[in-house]
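Reviewing the structure listed below.
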Amino acid sequence: MSYQPTIDNDTVAAMEAIRFGGEIVVVDSDERVEQACRELARHDIIGFDTETRPSFKVGVSHKVSLLQLSTADRCYLFRLNRVRLSNQILKILGSRRIVKVGADVAGDIRSLHALRDFKEQSFIDLQHEAPRWGIADKSLRKLSAIVLGKRVSKAQRLSNWEAGTLTPQQLEYAATDAWVCIKIWEALQQQTPTTEGAATEGAATLKTTK
């Protein structure tokens, strides 16, 4: 099977939206951080994403608000405006054994580095890997459409990620963005790449510019 290199917006919009159907755990206390990291450490591959409160004023920016780490059936949403980017979390992000899959990973890592310095390891960026299968489109929405045949909704992208309580729609959106990265990567692994790439045995260490 070969994938089409690009897909137009109208075709994507007509597709069924993909949604995370597992358990969503909001992590907003030190106790929950410990529990979440203990569970995540049991897995070999997890989905990765972040969310930041949007700014609508020139020159005003916000720090990353949310870190999403998802297994196949459970997504942990770390509210970084309420809990520290603790050593327990950094141990997951720095683990060589645990593969973290995301899209535009370098941008997310830079946002996390603004909170604390750390050494990230074993990250796979779908935007870097998808061209090995002949895919030119870069957005997660289009990657999902091309590889999985379902679109990722971006309706909540510009919502307030520092709100006192996240809405059910925000929770589903955030969880889906992390979880779907695993699904895309697993689907790609079922097909033979059309070109050689850097990923070896399912893991690639991301290099970012600080």
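Identifiers in the structure tokens: chain A, B, ... in order shown; residue index from 1 per chain; ligand index from 1 in order shown.
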Open item on the list: as a PyMOL selection string, please: the residues near range 94-109 of chain A (cut-off 7 Å, only C-alpha atoms, same-chain neighbours under 2 positions excluded).
Closed with: chain A and resi 43-50+90-92+111-113+119-127+140+178+181-182+203+208
Let's have the selection written as a compact mmCIF listing (two decimals), in the first residue's frame, with N, CA and C atoms.
# COMPACT_ATOMS: atom_id res chain seq x y z
N HIS A 43 4.92 1.38 30.00
CA HIS A 43 4.67 1.28 28.56
C HIS A 43 5.94 1.55 27.76
N ASP A 44 5.99 0.98 26.57
CA ASP A 44 7.15 1.14 25.69
C ASP A 44 6.95 2.26 24.67
N ILE A 45 5.69 2.67 24.42
CA ILE A 45 5.39 3.72 23.45
C ILE A 45 4.20 4.52 23.95
N ILE A 46 4.31 5.86 23.86
CA ILE A 46 3.21 6.72 24.28
C ILE A 46 3.10 7.88 23.29
N GLY A 47 1.89 8.42 23.19
CA GLY A 47 1.66 9.60 22.37
C GLY A 47 1.99 10.85 23.16
N PHE A 48 2.40 11.90 22.44
CA PHE A 48 2.93 13.11 23.08
C PHE A 48 2.39 14.35 22.40
N ASP A 49 1.99 15.35 23.21
CA ASP A 49 1.57 16.64 22.66
C ASP A 49 1.55 17.66 23.79
N THR A 50 1.46 18.93 23.46
CA THR A 50 1.27 19.98 24.45
C THR A 50 0.23 20.97 23.94
N LEU A 90 10.02 14.35 33.87
CA LEU A 90 11.23 14.43 33.06
C LEU A 90 11.87 13.06 32.86
N LYS A 91 11.69 12.18 33.82
CA LYS A 91 12.23 10.83 33.69
C LYS A 91 11.54 10.10 32.53
N ILE A 92 10.25 10.35 32.36
CA ILE A 92 9.53 9.76 31.22
C ILE A 92 10.04 10.36 29.91
N SER A 111 8.85 24.53 24.10
CA SER A 111 7.92 25.09 25.09
C SER A 111 8.18 24.52 26.47
N LEU A 112 8.47 23.23 26.54
CA LEU A 112 8.76 22.60 27.83
C LEU A 112 10.10 23.05 28.38
N HIS A 113 11.07 23.28 27.50
CA HIS A 113 12.37 23.77 27.95
C HIS A 113 12.27 25.17 28.57
N LYS A 119 17.02 16.73 29.35
CA LYS A 119 17.50 16.02 28.17
C LYS A 119 16.42 15.06 27.69
N GLU A 120 15.87 15.35 26.54
CA GLU A 120 14.82 14.50 25.96
C GLU A 120 15.46 13.39 25.13
N GLN A 121 14.86 12.21 25.17
CA GLN A 121 15.37 11.08 24.40
C GLN A 121 14.23 10.23 23.85
N SER A 122 14.49 9.56 22.74
CA SER A 122 13.57 8.60 22.12
C SER A 122 12.24 9.23 21.74
N PHE A 123 12.33 10.34 21.00
CA PHE A 123 11.13 10.97 20.44
C PHE A 123 11.06 10.69 18.94
N ILE A 124 9.87 10.45 18.46
CA ILE A 124 9.62 10.31 17.03
C ILE A 124 8.69 11.43 16.61
N ASP A 125 9.11 12.20 15.60
CA ASP A 125 8.29 13.28 15.07
C ASP A 125 7.67 12.81 13.75
N LEU A 126 6.37 12.69 13.73
CA LEU A 126 5.68 12.21 12.54
C LEU A 126 5.93 13.11 11.33
N GLN A 127 6.14 14.39 11.57
CA GLN A 127 6.42 15.30 10.46
C GLN A 127 7.74 14.98 9.79
N LEU A 140 -0.97 17.42 11.68
CA LEU A 140 -1.53 16.20 12.28
C LEU A 140 -2.89 15.89 11.68
N ALA A 178 -2.81 13.53 21.28
CA ALA A 178 -1.67 12.70 21.70
C ALA A 178 -1.85 11.25 21.26
N CYS A 181 -1.37 10.08 17.54
CA CYS A 181 0.02 9.96 17.07
C CYS A 181 0.49 8.51 17.14
N ILE A 182 0.08 7.80 18.19
CA ILE A 182 0.41 6.37 18.28
C ILE A 182 -0.24 5.61 17.12
N ALA A 203 12.41 3.83 17.11
CA ALA A 203 12.72 4.94 18.00
C ALA A 203 13.77 5.84 17.37
N THR A 208 16.98 19.01 19.35
CA THR A 208 16.36 20.31 19.27
C THR A 208 17.38 21.39 19.51
TODO: Would you list, as a VMD selection string, the residues of range 66-103 of chain A that end up in strand (DSSP E or B) under DSSP run on this structure's backbone?
DONE: chain A and resid 66 to 70 74 to 79 99 to 102
Grab the residues selected above and save them as an mmCIF file, in the first residue's frame with C-alpha atoms.
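Saved the output as selection_24.cif:
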data_model
loop_
_atom_site.group_PDB
_atom_site.id
_atom_site.type_symbol
_atom_site.label_atom_id
_atom_site.label_comp_id
_atom_site.auth_asym_id
_atom_site.auth_seq_id
_atom_site.Cartn_x
_atom_site.Cartn_y
_atom_site.Cartn_z
ATOM 1 C CA LEU A 66 -0.875 21.239 29.235
ATOM 2 C CA LEU A 67 1.269 18.168 28.568
ATOM 3 C CA GLN A 68 -0.520 15.160 27.109
ATOM 4 C CA LEU A 69 1.008 11.693 27.416
ATOM 5 C CA SER A 70 -1.195 8.882 26.137
ATOM 6 C CA ARG A 74 -5.530 6.053 28.749
ATOM 7 C CA CYS A 75 -4.416 9.652 28.314
ATOM 8 C CA TYR A 76 -2.880 11.716 31.089
ATOM 9 C CA LEU A 77 -3.313 15.486 30.875
ATOM 10 C CA PHE A 78 -0.709 17.211 33.037
ATOM 11 C CA ARG A 79 -1.910 20.730 33.862
ATOM 12 C CA VAL A 99 9.286 5.973 22.732
ATOM 13 C CA LYS A 100 7.319 9.223 22.580
ATOM 14 C CA VAL A 101 5.475 9.907 19.308
ATOM 15 C CA GLY A 102 4.186 13.349 18.339
#
TODO: Skip Asp30 in chain A itself and residues of its chain fewer than 5 positions away, then list as a ChimeraX atom specification all residues within 9 Å of it, counting only C-alpha atoms.
DONE: /A:35,83-84,86
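Each of A:Gln169, A:Arg53, A:Val26, A:Arg141 was checked against Val12 in chain A using only C-alpha atoms; the smallest atom-to-atom distance is that of A:Arg141.
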Task: Which of range 52-151 of chain A fall in alpha helix (DSSP H), as a VMD selection string - done: chain A and resid 87 to 93 105 to 113 126 to 129 140 to 148
Task: Surrounding residues of Ser144 in chain A excluding itself and chain neighbours under 5 positions, 9 Å, only C-alpha atoms, as a PyMOL selection string - done: chain A and resi 18+139+149-152+180-181+183-184
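Rounded to one decimal, CA of Leu188 in chain A and CA of Val147 in chain A lie 7.3 Å from each other.
Computed from the coordinates, the CA of Lys138 in chain A to CA of Met15 in chain A distance equals 17.8 Å.
We find CA of Cys37 in chain A and CA of Thr165 in chain A to be spaced 22.1 Å apart.
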